[in-house]
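Next up, data_1.cif (mmCIF, C-alpha atoms):
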data_target
#
loop_
_atom_site.label_atom_id
_atom_site.label_comp_id
_atom_site.auth_asym_id
_atom_site.auth_seq_id
_atom_site.Cartn_x
_atom_site.Cartn_y
_atom_site.Cartn_z
CA GLY A 7 -55.75 41.35 8.87
CA ASP A 8 -56.94 44.61 10.36
CA PHE A 9 -54.93 46.44 12.97
CA ILE A 10 -57.00 46.79 16.13
CA ALA A 11 -56.53 48.42 19.51
CA ILE A 12 -56.88 45.99 22.41
CA ARG A 13 -56.93 46.26 26.18
CA PRO A 14 -55.79 42.85 27.46
CA ARG A 15 -57.12 41.63 30.80
CA HIS A 16 -53.53 41.11 31.96
CA VAL A 17 -49.97 41.46 30.72
CA MET A 18 -47.46 39.03 32.20
CA THR A 19 -43.73 39.51 32.57
CA HIS A 20 -41.36 37.18 34.40
CA ASP A 21 -37.64 37.54 35.05
CA ASN A 22 -37.58 39.85 32.04
CA THR A 23 -39.52 42.41 34.08
CA GLY A 24 -36.08 43.71 34.97
CA ALA A 25 -35.55 44.58 31.29
CA VAL A 26 -39.05 45.99 30.79
CA ILE A 27 -38.78 48.48 33.67
CA PRO A 28 -36.12 50.68 31.98
CA LYS A 29 -38.13 50.60 28.73
CA PHE A 30 -41.16 51.78 30.69
CA ARG A 31 -39.19 54.63 32.20
CA SER A 32 -37.52 55.53 28.90
CA ILE A 33 -40.86 56.51 27.37
CA GLY A 34 -41.40 58.97 30.21
CA ALA A 35 -43.91 56.87 32.13
CA THR A 36 -44.00 57.16 35.91
CA ARG A 37 -47.16 55.24 36.83
CA LEU A 38 -49.03 52.20 35.59
CA ALA A 39 -52.22 53.00 33.69
CA ASP A 40 -53.92 50.06 35.44
CA ALA A 41 -52.01 48.62 38.36
CA GLN A 42 -54.11 45.43 38.33
CA GLN A 43 -53.30 44.66 34.71
CA PRO A 44 -49.58 43.71 34.99
CA VAL A 45 -48.63 40.40 36.58
CA PHE A 46 -45.03 39.77 37.64
CA ALA A 47 -43.93 36.17 38.22
CA LEU A 48 -40.34 35.06 38.75
CA ASP A 49 -39.68 31.66 37.20
CA HIS A 50 -36.75 31.46 34.79
CA ASP A 51 -33.49 31.69 36.73
CA ILE A 52 -34.72 30.85 40.21
CA GLN A 53 -31.85 28.47 40.98
CA ASN A 54 -29.43 31.37 40.61
CA THR A 55 -28.81 32.82 44.07
CA SER A 56 -25.99 35.12 43.05
CA ALA A 57 -25.99 38.64 44.47
CA LYS A 58 -26.67 40.05 41.00
CA ASN A 59 -29.74 37.90 40.40
CA MET A 60 -31.07 38.42 43.91
CA ALA A 61 -30.73 42.18 43.42
CA LYS A 62 -32.68 41.95 40.17
CA TYR A 63 -35.43 39.92 41.81
CA HIS A 64 -35.59 42.36 44.72
CA GLY A 65 -35.88 45.28 42.30
CA ILE A 66 -38.79 43.62 40.49
CA GLU A 67 -40.57 42.94 43.77
CA GLN A 68 -40.07 46.52 44.90
CA PHE A 69 -41.43 47.82 41.59
CA ALA A 70 -44.54 45.66 42.02
CA GLN A 71 -45.05 46.83 45.61
CA THR A 72 -44.59 50.47 44.67
CA HIS A 73 -47.24 50.28 41.98
CA GLY A 74 -49.59 47.88 43.79
CA SER A 75 -49.42 45.10 41.21
CA ARG A 76 -49.55 41.33 41.56
CA PHE A 77 -46.20 39.71 42.26
CA TYR A 78 -45.38 36.01 42.54
CA PRO A 79 -41.93 35.24 43.93
CA ALA A 80 -39.47 32.58 42.90
CA GLY A 81 -40.83 29.21 43.94
CA ARG A 82 -44.51 29.94 43.31
CA GLY A 83 -44.22 28.41 39.89
CA ILE A 84 -43.89 28.97 36.17
CA ALA A 85 -45.73 32.15 35.22
CA HIS A 86 -48.07 30.54 32.70
CA GLN A 87 -49.18 27.90 35.19
CA VAL A 88 -49.60 30.51 37.92
CA LEU A 89 -51.82 32.69 35.72
CA VAL A 90 -54.11 29.73 35.04
CA GLU A 91 -54.20 28.59 38.68
CA GLU A 92 -54.89 32.08 39.98
CA GLY A 93 -57.77 32.67 37.57
CA LEU A 94 -55.92 35.49 35.83
CA ALA A 95 -55.89 33.80 32.41
CA TRP A 96 -59.68 33.68 32.37
CA PRO A 97 -62.06 32.11 29.82
CA GLY A 98 -63.41 34.60 27.34
CA SER A 99 -60.70 37.18 27.94
CA MET A 100 -57.40 38.06 26.28
CA VAL A 101 -54.12 37.88 28.17
CA VAL A 102 -50.72 38.71 26.72
CA GLY A 103 -47.33 37.83 28.05
CA SER A 104 -43.75 38.77 27.34
CA ASP A 105 -42.98 35.12 26.75
CA SER A 106 -43.53 33.01 23.66
CA HIS A 107 -45.53 30.30 25.45
CA SER A 108 -48.34 32.67 26.40
CA ASN A 109 -50.31 30.67 23.81
CA MET A 110 -50.92 28.20 26.65
CA TYR A 111 -53.85 30.19 28.05
CA GLY A 112 -55.89 29.05 25.06
CA GLY A 113 -56.29 25.70 26.80
CA VAL A 114 -58.84 27.29 29.15
CA GLY A 115 -60.55 29.37 26.50
CA CYS A 116 -58.48 32.49 27.12
CA LEU A 117 -56.90 34.07 24.05
CA GLY A 118 -53.22 34.11 24.95
CA THR A 119 -50.52 35.54 22.73
CA PRO A 120 -46.97 36.85 23.22
CA VAL A 121 -45.78 40.45 23.07
CA VAL A 122 -42.25 41.82 23.00
CA ARG A 123 -40.79 43.70 25.96
CA THR A 124 -41.27 47.14 24.39
CA ASP A 125 -44.96 46.41 23.87
CA ALA A 126 -45.23 45.18 27.46
CA ALA A 127 -43.79 48.50 28.67
CA ALA A 128 -46.27 50.41 26.51
CA ILE A 129 -49.17 48.39 27.95
CA TRP A 130 -48.00 49.25 31.46
CA ALA A 131 -48.10 52.92 30.50
CA THR A 132 -51.34 52.97 28.49
CA ALA A 133 -53.21 49.74 29.36
CA GLN A 134 -53.58 49.20 25.60
CA THR A 135 -51.67 47.85 22.65
CA TRP A 136 -52.22 47.07 19.00
CA TRP A 137 -52.73 43.72 17.35
CA GLN A 138 -52.98 42.70 13.76
CA ALA A 139 -55.84 40.23 13.54
CA PRO A 140 -54.25 37.02 12.28
CA PRO A 141 -55.67 34.51 9.82
CA VAL A 142 -57.41 31.65 11.62
CA ALA A 143 -56.70 27.97 11.05
CA ARG A 144 -59.50 25.59 12.01
CA VAL A 145 -57.97 22.36 13.32
CA GLU A 146 -60.46 19.55 13.77
CA LEU A 147 -59.56 16.77 16.20
CA ARG A 148 -61.63 13.73 15.24
CA GLY A 149 -62.42 10.75 17.40
CA ALA A 150 -60.92 9.99 20.79
CA LEU A 151 -57.38 9.29 21.96
CA PRO A 152 -56.49 5.62 22.50
CA PRO A 153 -55.25 4.58 25.94
CA GLY A 154 -51.69 5.71 26.58
CA VAL A 155 -51.87 8.56 24.07
CA VAL A 156 -52.03 12.10 25.50
CA GLY A 157 -52.14 15.72 24.49
CA LYS A 158 -48.37 15.89 24.09
CA ASP A 159 -48.58 13.23 21.38
CA VAL A 160 -51.22 15.29 19.59
CA ILE A 161 -49.14 18.45 19.33
CA VAL A 162 -45.89 16.58 18.62
CA ALA A 163 -47.64 14.85 15.74
CA LEU A 164 -49.20 18.09 14.44
CA CYS A 165 -45.83 19.87 14.47
CA ALA A 166 -44.32 17.09 12.35
CA LEU A 167 -47.26 16.34 10.05
CA PHE A 168 -47.81 20.00 9.16
CA SER A 169 -44.18 21.11 9.18
CA HIS A 170 -44.16 23.56 6.29
CA ASP A 171 -45.42 26.70 8.07
CA GLU A 172 -49.07 25.82 7.49
CA VAL A 173 -50.09 27.73 10.65
CA LEU A 174 -47.26 30.25 10.81
CA ASN A 175 -48.57 33.50 12.36
CA HIS A 176 -52.10 32.07 12.48
CA ALA A 177 -54.48 31.78 15.38
CA VAL A 178 -55.37 28.10 15.69
CA GLU A 179 -58.89 27.14 16.73
CA PHE A 180 -59.24 23.53 17.92
CA VAL A 181 -62.65 22.02 17.24
CA GLY A 182 -64.33 18.65 16.96
CA ALA A 183 -65.42 15.85 19.24
CA GLY A 184 -61.80 15.00 19.98
CA ALA A 185 -61.08 18.51 21.23
CA HIS A 186 -64.08 18.48 23.56
CA ALA A 187 -63.07 15.08 24.97
CA LEU A 188 -59.63 16.26 26.05
CA PRO A 189 -59.02 17.09 29.72
CA ILE A 190 -57.85 20.61 30.51
CA GLU A 191 -54.28 19.48 31.20
CA ASP A 192 -53.98 18.07 27.68
CA ARG A 193 -55.54 21.19 26.18
CA LEU A 194 -53.00 23.34 28.00
CA ALA A 195 -50.15 21.19 26.68
CA ILE A 196 -51.43 21.43 23.11
CA SER A 197 -52.04 25.19 23.28
CA ASN A 198 -48.61 25.67 24.84
CA MET A 199 -46.80 24.03 21.94
CA THR A 200 -48.77 25.79 19.23
CA THR A 201 -45.88 28.20 19.73
CA GLU A 202 -43.47 25.61 18.32
CA TRP A 203 -45.96 24.96 15.53
CA GLY A 204 -45.56 28.60 14.53
CA ALA A 205 -48.96 29.92 15.65
CA LEU A 206 -49.68 33.19 17.45
CA ALA A 207 -52.42 31.57 19.53
CA GLY A 208 -54.01 28.17 20.09
CA LEU A 209 -57.57 28.29 21.40
CA PHE A 210 -60.00 25.69 22.71
CA ALA A 211 -63.64 26.69 23.14
CA VAL A 212 -65.05 26.89 26.64
CA ASP A 213 -67.26 23.87 27.30
CA ASP A 214 -68.55 21.81 30.19
CA VAL A 215 -65.11 20.22 30.65
CA THR A 216 -63.70 23.72 31.20
CA LEU A 217 -66.44 24.66 33.64
CA ARG A 218 -66.15 21.47 35.67
CA TRP A 219 -62.40 21.96 35.90
CA TYR A 220 -62.85 25.48 37.26
CA GLU A 221 -65.52 24.27 39.68
CA SER A 222 -63.07 21.72 41.04
CA CYS A 223 -60.46 24.49 41.40
CA ALA A 224 -62.91 26.67 43.31
CA ALA A 225 -63.73 23.77 45.65
CA ARG A 226 -60.10 23.31 46.70
CA PRO A 227 -59.02 24.24 50.24
CA ARG A 228 -57.49 27.73 50.09
CA ALA A 229 -58.79 28.05 46.54
CA THR A 230 -57.10 30.65 44.34
CA VAL A 231 -60.12 30.83 42.04
CA SER A 232 -63.31 32.54 43.21
CA ALA A 233 -66.36 30.29 43.49
CA ASP A 234 -68.56 33.29 42.68
CA ALA A 235 -66.57 34.01 39.51
CA VAL A 236 -66.86 30.38 38.43
CA ALA A 237 -70.61 30.37 39.10
CA ALA A 238 -70.96 33.53 37.03
CA LEU A 239 -68.95 31.91 34.25
CA ARG A 240 -71.27 28.90 34.15
CA ALA A 241 -74.34 31.12 34.26
CA SER A 242 -73.05 33.11 31.29
CA PHE A 243 -72.19 29.93 29.39
CA GLU A 244 -75.65 28.45 29.92
CA ALA A 245 -77.51 31.70 29.24
CA GLU A 246 -75.60 32.59 26.06
CA PRO A 247 -74.00 29.42 24.64
CA SER A 248 -73.52 31.04 21.23
CA ARG A 249 -71.17 33.58 22.81
CA TRP A 250 -68.70 30.81 23.66
CA ILE A 251 -68.34 29.25 20.22
CA ALA A 252 -67.26 30.56 16.84
CA ASP A 253 -69.82 32.46 14.76
CA ARG A 254 -71.67 30.35 12.21
CA ASP A 255 -70.28 32.48 9.41
CA ALA A 256 -66.72 32.61 10.76
CA ALA A 257 -64.13 32.69 8.01
CA TYR A 258 -61.05 30.47 8.15
CA ALA A 259 -57.82 30.71 6.21
CA LYS A 260 -57.49 26.93 6.20
CA HIS A 261 -58.92 23.72 7.61
CA LEU A 262 -56.73 20.90 8.96
CA TRP A 263 -57.74 17.71 10.73
CA LEU A 264 -56.20 14.88 12.73
CA ASP A 265 -57.72 11.46 13.44
CA LEU A 266 -57.02 10.93 17.13
CA GLU A 267 -58.14 7.30 17.08
CA SER A 268 -55.27 6.39 14.76
CA LEU A 269 -52.67 8.32 16.75
CA THR A 270 -49.95 6.47 18.64
CA PRO A 271 -47.36 7.86 21.07
CA HIS A 272 -44.83 10.01 19.21
CA VAL A 273 -41.38 11.34 20.04
CA SER A 274 -40.11 14.61 18.63
CA GLY A 275 -36.56 15.03 17.41
CA PRO A 276 -33.76 14.86 17.74
CA ASP A 277 -33.17 18.59 17.79
CA SER A 278 -36.28 19.70 15.90
CA VAL A 279 -40.02 19.69 16.50
CA LYS A 280 -40.54 19.28 12.76
CA VAL A 281 -39.33 15.70 13.03
CA ALA A 282 -41.33 13.09 14.94
CA THR A 283 -41.23 9.30 15.02
CA PRO A 284 -43.83 6.85 16.33
CA LEU A 285 -42.51 5.57 19.62
CA ALA A 286 -42.98 1.95 18.57
CA ALA A 287 -40.54 2.48 15.70
CA LEU A 288 -38.07 4.60 17.64
CA GLU A 289 -37.67 2.23 20.57
CA ARG A 290 -36.42 -0.51 18.23
CA ARG A 291 -33.37 1.71 17.66
CA ARG A 292 -32.61 1.60 21.40
CA VAL A 293 -31.54 5.25 21.53
CA SER A 294 -29.51 5.46 24.73
CA ILE A 295 -30.03 8.48 26.96
CA ASN A 296 -27.92 10.28 29.55
CA LYS A 297 -30.55 12.58 31.02
CA ALA A 298 -34.33 12.62 31.38
CA TYR A 299 -36.54 15.58 32.30
CA ILE A 300 -40.08 16.16 33.48
CA VAL A 301 -40.04 19.93 33.84
CA SER A 302 -41.60 23.04 32.23
CA CYS A 303 -44.93 24.73 31.60
CA VAL A 304 -46.05 22.18 29.01
CA ASN A 305 -45.92 18.93 31.01
CA SER A 306 -45.28 19.27 34.73
CA ARG A 307 -48.82 19.43 36.04
CA ALA A 308 -50.26 16.98 38.57
CA LYS A 309 -51.73 14.77 35.84
CA ASP A 310 -48.32 14.55 34.16
CA LEU A 311 -46.54 13.63 37.37
CA ARG A 312 -49.22 11.05 38.14
CA GLU A 313 -48.81 9.42 34.73
CA ALA A 314 -45.04 9.25 35.23
CA ALA A 315 -45.46 7.82 38.73
CA ASP A 316 -47.94 5.25 37.43
CA VAL A 317 -45.24 3.96 35.08
CA ILE A 318 -42.94 3.46 38.06
CA ARG A 319 -45.71 1.71 39.99
CA ALA A 320 -46.41 -0.63 37.07
CA VAL A 321 -42.73 -1.50 36.71
CA GLN A 322 -42.47 -2.07 40.46
CA ASN A 323 -45.46 -4.42 40.38
CA ALA A 324 -43.76 -6.36 37.60
CA ARG A 325 -40.49 -6.51 39.57
CA PRO A 326 -41.63 -6.86 43.18
CA ASN A 327 -38.30 -8.11 44.45
CA SER A 328 -36.08 -5.28 43.23
CA PRO A 329 -36.37 -1.52 43.70
CA VAL A 330 -37.10 0.46 40.54
CA ARG A 331 -34.50 3.12 39.89
CA ALA A 332 -33.26 5.19 36.98
CA ALA A 333 -30.85 3.17 34.87
CA ASP A 334 -27.13 3.40 35.55
CA GLY A 335 -25.69 6.46 33.87
CA VAL A 336 -29.05 8.26 33.59
CA ALA A 337 -29.66 11.47 35.53
CA TRP A 338 -33.38 12.15 35.89
CA TYR A 339 -34.76 15.58 36.84
CA VAL A 340 -38.28 16.49 37.93
CA ALA A 341 -39.81 19.87 38.74
CA ALA A 342 -43.46 20.72 39.32
CA ALA A 343 -45.00 23.50 37.26
CA SER A 344 -46.00 25.31 40.46
CA SER A 345 -45.98 25.06 44.23
CA GLN A 346 -49.65 24.07 44.06
CA VAL A 347 -48.87 21.23 41.67
CA MET A 348 -46.02 20.10 43.89
CA ALA A 349 -48.28 20.07 46.96
CA ASP A 350 -50.88 18.01 45.07
CA ALA A 351 -48.26 15.53 43.86
CA GLN A 352 -46.86 15.18 47.37
CA ALA A 353 -50.32 14.64 48.84
CA SER A 354 -51.13 11.94 46.27
CA GLY A 355 -47.83 10.13 46.83
CA ASP A 356 -46.78 10.59 43.20
CA TRP A 357 -43.89 12.88 44.10
CA GLN A 358 -42.38 10.35 46.50
CA VAL A 359 -42.71 7.56 43.93
CA LEU A 360 -40.62 9.60 41.50
CA VAL A 361 -38.06 10.51 44.17
CA ASP A 362 -37.74 6.88 45.25
CA ALA A 363 -37.09 5.97 41.62
CA GLY A 364 -34.08 8.28 41.57
CA ALA A 365 -35.55 11.51 40.23
CA LYS A 366 -33.59 14.57 41.30
CA THR A 367 -36.02 17.31 42.29
CA LEU A 368 -35.78 20.93 41.20
CA PRO A 369 -37.81 23.92 42.42
CA PRO A 370 -40.99 24.91 40.53
CA GLY A 371 -39.62 26.91 37.63
CA CYS A 372 -38.22 26.77 34.11
CA GLY A 373 -34.73 25.52 34.95
CA PRO A 374 -33.17 23.18 32.38
CA CYS A 375 -35.98 23.75 29.87
CA ILE A 376 -34.57 27.24 29.31
CA GLY A 377 -30.97 26.12 29.80
CA LEU A 378 -30.58 27.49 33.33
CA GLY A 379 -29.54 25.88 36.59
CA VAL A 380 -28.37 22.34 37.25
CA GLY A 381 -28.84 19.27 35.10
CA LEU A 382 -28.08 20.73 31.68
CA LEU A 383 -27.06 18.54 28.76
CA GLU A 384 -23.32 18.34 28.18
CA ASP A 385 -21.30 17.68 25.03
CA GLY A 386 -22.23 14.40 23.38
CA GLU A 387 -25.13 13.65 25.71
CA VAL A 388 -28.63 12.61 24.69
CA GLY A 389 -31.69 13.69 26.64
CA ILE A 390 -35.39 12.91 26.54
CA SER A 391 -37.62 15.61 27.93
CA ALA A 392 -41.27 16.40 28.53
CA THR A 393 -40.55 20.02 27.59
CA ASN A 394 -41.52 22.03 24.51
CA ARG A 395 -38.32 22.89 22.64
CA ASN A 396 -35.43 20.78 21.47
CA TYR A 397 -33.34 22.90 19.14
CA LYS A 398 -29.60 22.56 19.61
CA GLY A 399 -28.37 24.36 22.72
CA ARG A 400 -31.81 24.91 24.23
CA MET A 401 -31.17 22.64 27.22
CA GLY A 402 -27.41 22.92 27.40
CA SER A 403 -24.65 22.07 24.98
CA LYS A 404 -25.12 22.58 21.24
CA LYS A 405 -23.25 19.30 20.88
CA ALA A 406 -26.00 17.40 22.70
CA HIS A 407 -29.22 15.91 21.27
CA THR A 408 -32.73 16.28 22.66
CA TYR A 409 -35.93 14.32 22.09
CA LEU A 410 -39.37 15.40 23.34
CA SER A 411 -42.12 13.10 24.59
CA SER A 412 -44.87 12.68 27.14
CA PRO A 413 -43.98 12.39 30.85
CA ALA A 414 -44.87 8.67 30.87
CA VAL A 415 -42.40 7.96 28.10
CA VAL A 416 -39.73 10.02 29.89
CA ALA A 417 -40.24 7.94 33.04
CA ALA A 418 -40.08 4.65 31.14
CA SER A 419 -36.96 5.75 29.28
CA ALA A 420 -35.25 6.87 32.48
CA ILE A 421 -35.80 3.42 33.99
CA GLN A 422 -34.63 1.48 30.93
CA GLY A 423 -31.81 3.80 29.87
CA PHE A 424 -33.06 4.15 26.31
CA ILE A 425 -36.11 5.72 24.70
CA CYS A 426 -38.98 3.28 25.12
CA SER A 427 -42.63 2.86 25.95
CA PRO A 428 -44.09 2.23 29.41
CA ALA A 429 -45.02 -1.28 28.20
CA THR A 430 -41.40 -2.01 27.39
CA ALA A 431 -40.29 -0.70 30.77
CA VAL A 432 -42.79 -3.01 32.46
CA SER A 433 -41.98 -6.13 30.44
CA GLY A 434 -38.27 -5.44 30.08
CA ALA A 435 -38.44 -6.32 26.38
CA ILE A 436 -39.52 -4.49 23.25
CA ASP A 437 -42.69 -5.84 21.68
CA SER A 438 -41.41 -6.36 18.12
CA ALA A 439 -44.84 -7.28 16.74
CA ALA A 440 -46.35 -4.05 18.09
CA ALA A 441 -43.42 -2.07 16.72
CA ASP A 442 -43.90 -3.58 13.29
CA THR A 443 -47.62 -2.86 13.17
CA ARG A 444 -47.47 0.67 14.59
CA SER A 445 -44.47 2.14 12.82
#
Final structure tokens representation of the file:
Amino acid sequence: GDFIAIRPRHVMTHDNTGAVIPKFRSIGATRLADAQQPVFALDHDIQNTSAKNMAKYHGIEQFAQTHGSRFYPAGRGIAHQVLVEEGLAWPGSMVVGSDSHSNMYGGVGCLGTPVVRTDAAAIWATAQTWWQAPPVARVELRGALPPGVVGKDVIVALCALFSHDEVLNHAVEFVGAGAHALPIEDRLAISNMTTEWGALAGLFAVDDVTLRWYESCAARPRATVSADAVAALRASFEAEPSRWIADRDAAYAKHLWLDLESLTPHVSGPDSVKVATPLAALERRRVSINKAYIVSCVNSRAKDLREAADVIRAVQNARPNSPVRAADGVAWYVAAASSQVMADAQASGDWQVLVDAGAKTLPPGCGPCIGLGVGLLEDGEVGISATNRNYKGRMGSKKAHTYLSSPAVVAASAIQGFICSPATAVSGAIDSAAADTRS
């Protein structure tokens, strides 16, 4: 594709801001070309309170204050989630980040793509960068998801079904009735993991689902999204609908499709996103687990925590005379994607349900997903996680094994002590007939 000059709406750096600053200075820059363009959000190593890490965090904050740029301290949340909540990753714009999961912004119709640290420093200095326009893969999602199947199952299945670099270095455009039926949280999860699929970006078109989600954000107490900006967005969408969809003569490098109605819950792994197994087949193997995780930018939003808590509630209703707790020998960790998500989960009661079931809470940040902080996998252990990567060593020891699934499946597995469905957790027995017909 052509090389083009771009001026992204924002450029995000997180803990790695500390490494970008010397690169910025090494090119002779002394001031930011556009102080409102950079966004600094601390999220990776926030459990580390060593003097060295605190000094790094303080230096990043001071740099932001000196230049008048946005800064979000440790505890506010994972950078990608923060950018969406704050209205910085905005529909119809382009936002880059010095983090591979910047693809996530595509879930709200914002073209998100990663840049390396040197490019981030150059954007600070010039407000611009270059981009080679990638080939575009049109991915049609047909039909509607069955009950109990979520966005995480969609992207886990796509990564395994098309596992031969079909979308490597492509921009993926999700289309079809199935795409438009997905809630924003599922779109964000799918866009997020287009990174693991090999894509440079994963974009959903702005539609009424997007607009209604932003309108609900703007109506929140102490809203972080401007009601006027959301009203202007809707007005633009209704006045020029053709601006918000692909051109009629748009060219695509390839066309792929997935029938959502035939999709069942899937589990990725172990140790590779290119391998996935229908949950109904996998649970018959009774894969024992040592640790379970609901953390990260892909699946720790309020909807995810609610779905996990609903599993606990269903199990408790089925076992009214005994408290529901994580199985013996299973350590279960939960972290919200942001402080806003955590407040919502606490207000709804979902957070307390998870805590009462034995979940160990972590601060809003990356934590074990990036292999930092407490709760990492140790030699010989098996973990199931609602995160986005499961290569060996990602979440701890290279001698451990990691599976990826939806938050509901993580919750069910934590309760039973082996990878299983919510239905199995509720009944206490694997439905062999269902496993036979859905494997």
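Taking atom CA of A:Trp136 as the reference point, atom CA of A:Asn394 is found at 27.8 Å.
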> Exactly which residues make up the result of the PyMOL selection byres ((chain A and resi 262) around 10) on this file, given as a ChimeraX atom specification?
Replying inline: /A:143-147,164,168,172-173,178,180,260-261,263-264
>> Could you list, as an NGL selection string, every residue matched by the PyMOL selection byres ((chain A and resi 363-376) around 8) in this structure?
In response: :A and (49-53 or 80-84 or 301-303 or 318 or 329-332 or 337-345 or 348 or 359-362 or 377-382 or 393-395 or 400-402)
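With distances taken over all atoms listed in the file, A:Glu179 is the one residue among A:Glu246, A:Glu91, A:Glu179, A:Asp159 lying closest to A:Leu206.
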>> Given only C-alpha atoms as the basis, pick out the residue of A:Thr19, A:Ser106, A:Gln352, A:Thr270 nearest to A:Val155.
In response: A:Thr270
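Between atom CA of A:Met199 and atom CA of A:Thr216 there is a distance of 19.3 Å.
Considering only C-alpha atoms, the residue among A:Val181, A:Ile390, A:Leu239, A:Ala245 positioned nearest to A:Lys297 is A:Ile390.
You can rank A:Asp350, A:Phe69, A:Ile27, A:Ala238 by their closest distance to A:Arg226 using all atoms listed in the file, and at the top of that list sits A:Asp350.
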>> I'd like the contact shell of A:Met100 - 12 Å cut-off, all atoms listed in the file, skipping same-chain residues fewer than 5 positions apart - returned as number ranges by chain.
In response: A: 12-18, 43, 94-95, 108-112, 114-120, 134-135, 137, 207, 209
>> With 9 Å as the threshold, what does the neighbourhood of (-42.9, 42.9, 26.6) contain in terms of residues, counting only C-alpha atoms? Coordinates are those of the file; answer as a count of residues only.
In response: 21
>> Expand the PyMOL selection byres ((chain A and resi 7) around 8) into the explicit residue set it covers here, and present it as a PyMOL selection string.
In response: chain A and resi 8-9+138-141
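Ranking A:Trp219, A:Leu410, A:Cys426, A:Glu387 by their shortest atom-to-atom distance to A:Gly93, with all atoms listed in the file included, puts A:Trp219 first.
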>> Residues near A:Pro271, anyone? I mean within 10 Å using all atoms listed in the file, not counting same-chain ones fewer than 4 positions away, as a list in words.
In response: Pro152, Pro153, Gly154, Val155, Val156, Gly157, Lys158, Asp159, Val160, Val162, Ala163, Thr283, Pro284, Leu285, Ala286, Ser411, Ser412, Val415, Ser427 and Arg444 of chain A
> With distances taken over only C-alpha atoms, which of A:Ile425, A:Ile295, A:Ala224, A:Ala420 is nearest to A:Ala406?
Replying inline: A:Ile295
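For the atom pair formed by atom CA of A:Asn396 and atom CA of A:Val347, the distance is 24.3 Å, given to one decimal.
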Please identify all polymer residues within 6 Å of stretch 279-281 of chain A, counting all atoms listed in the file, omitting same-chain residues fewer than 5 positions from it, and present them as a short mmCIF file (atom, residue, chain, number, x, y, z; two decimals) with C-alpha atoms, in the frame of the given file.
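Dumped everything to selection-v2.cif:
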data_model
loop_
_atom_site.label_atom_id
_atom_site.label_comp_id
_atom_site.auth_asym_id
_atom_site.auth_seq_id
_atom_site.Cartn_x
_atom_site.Cartn_y
_atom_site.Cartn_z
CA CYS A 165 -45.83 19.87 14.47
CA ALA A 166 -44.32 17.09 12.35
CA SER A 169 -44.18 21.11 9.18
CA SER A 274 -40.11 14.61 18.63
#
Test item: axis-aligned box, all listed atoms of stretch 106-110 of chain A, 3 Å on each side, centre and edges in Å rounded to one decimal, as lines of an AutoDock Vina configuration file:
center_x = -47.2
center_y = 30.6
center_z = 25.2
size_x = 13.4
size_y = 10.8
size_z = 9.0
Please report as JSON lines every residue of stretch 250-366 of chain A lying within 10 Å of stretch 431-434 of chain A, along with the nearest atom pair and their distance in Å (one decimal), using all atoms listed in the file.
{"residue": "A:Val317", "atom": "CA", "partner": "A:Val432", "partner_atom": "CA", "distance": 7.8}
{"residue": "A:Ile318", "atom": "CA", "partner": "A:Val432", "partner_atom": "CA", "distance": 8.6}
{"residue": "A:Arg319", "atom": "CA", "partner": "A:Val432", "partner_atom": "CA", "distance": 9.4}
{"residue": "A:Ala320", "atom": "CA", "partner": "A:Val432", "partner_atom": "CA", "distance": 6.3}
{"residue": "A:Val321", "atom": "CA", "partner": "A:Val432", "partner_atom": "CA", "distance": 4.5}
{"residue": "A:Gln322", "atom": "CA", "partner": "A:Val432", "partner_atom": "CA", "distance": 8.1}
{"residue": "A:Asn323", "atom": "CA", "partner": "A:Val432", "partner_atom": "CA", "distance": 8.5}
{"residue": "A:Ala324", "atom": "CA", "partner": "A:Val432", "partner_atom": "CA", "distance": 6.2}
{"residue": "A:Arg325", "atom": "CA", "partner": "A:Val432", "partner_atom": "CA", "distance": 8.3}
From the block I gave, I'd like stretch 326-331 of chain A written with N, CA, C and O atoms, as a PDB file, in the first residue's frame.
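Final output, part-v1.pdb:
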ATOM      1  N   PRO A 326     -28.348 -23.916  47.507  1.00  0.00           N
ATOM      2  CA  PRO A 326     -28.713 -22.894  48.489  1.00  0.00           C
ATOM      3  C   PRO A 326     -28.175 -23.132  49.895  1.00  0.00           C
ATOM      4  O   PRO A 326     -28.088 -22.195  50.694  1.00  0.00           O
ATOM      5  N   ASN A 327     -27.801 -24.341  50.200  1.00  0.00           N
ATOM      6  CA  ASN A 327     -27.383 -24.651  51.563  1.00  0.00           C
ATOM      7  C   ASN A 327     -25.879 -24.639  51.780  1.00  0.00           C
ATOM      8  O   ASN A 327     -25.409 -24.938  52.882  1.00  0.00           O
ATOM      9  N   SER A 328     -25.117 -24.327  50.737  1.00  0.00           N
ATOM     10  CA  SER A 328     -23.661 -24.289  50.909  1.00  0.00           C
ATOM     11  C   SER A 328     -23.082 -23.097  50.154  1.00  0.00           C
ATOM     12  O   SER A 328     -23.488 -22.826  49.020  1.00  0.00           O
ATOM     13  N   PRO A 329     -22.158 -22.374  50.769  1.00  0.00           N
ATOM     14  CA  PRO A 329     -21.572 -21.222  50.102  1.00  0.00           C
ATOM     15  C   PRO A 329     -20.761 -21.643  48.877  1.00  0.00           C
ATOM     16  O   PRO A 329     -20.086 -22.679  48.886  1.00  0.00           O
ATOM     17  N   VAL A 330     -20.831 -20.843  47.837  1.00  0.00           N
ATOM     18  CA  VAL A 330     -20.088 -21.134  46.613  1.00  0.00           C
ATOM     19  C   VAL A 330     -18.731 -20.470  46.698  1.00  0.00           C
ATOM     20  O   VAL A 330     -18.617 -19.247  46.885  1.00  0.00           O
ATOM     21  N   ARG A 331     -17.705 -21.272  46.571  1.00  0.00           N
ATOM     22  CA  ARG A 331     -16.332 -20.767  46.651  1.00  0.00           C
ATOM     23  C   ARG A 331     -15.491 -21.415  45.559  1.00  0.00           C
ATOM     24  O   ARG A 331     -15.844 -22.449  45.017  1.00  0.00           O
TER      25      ARG A 331
END
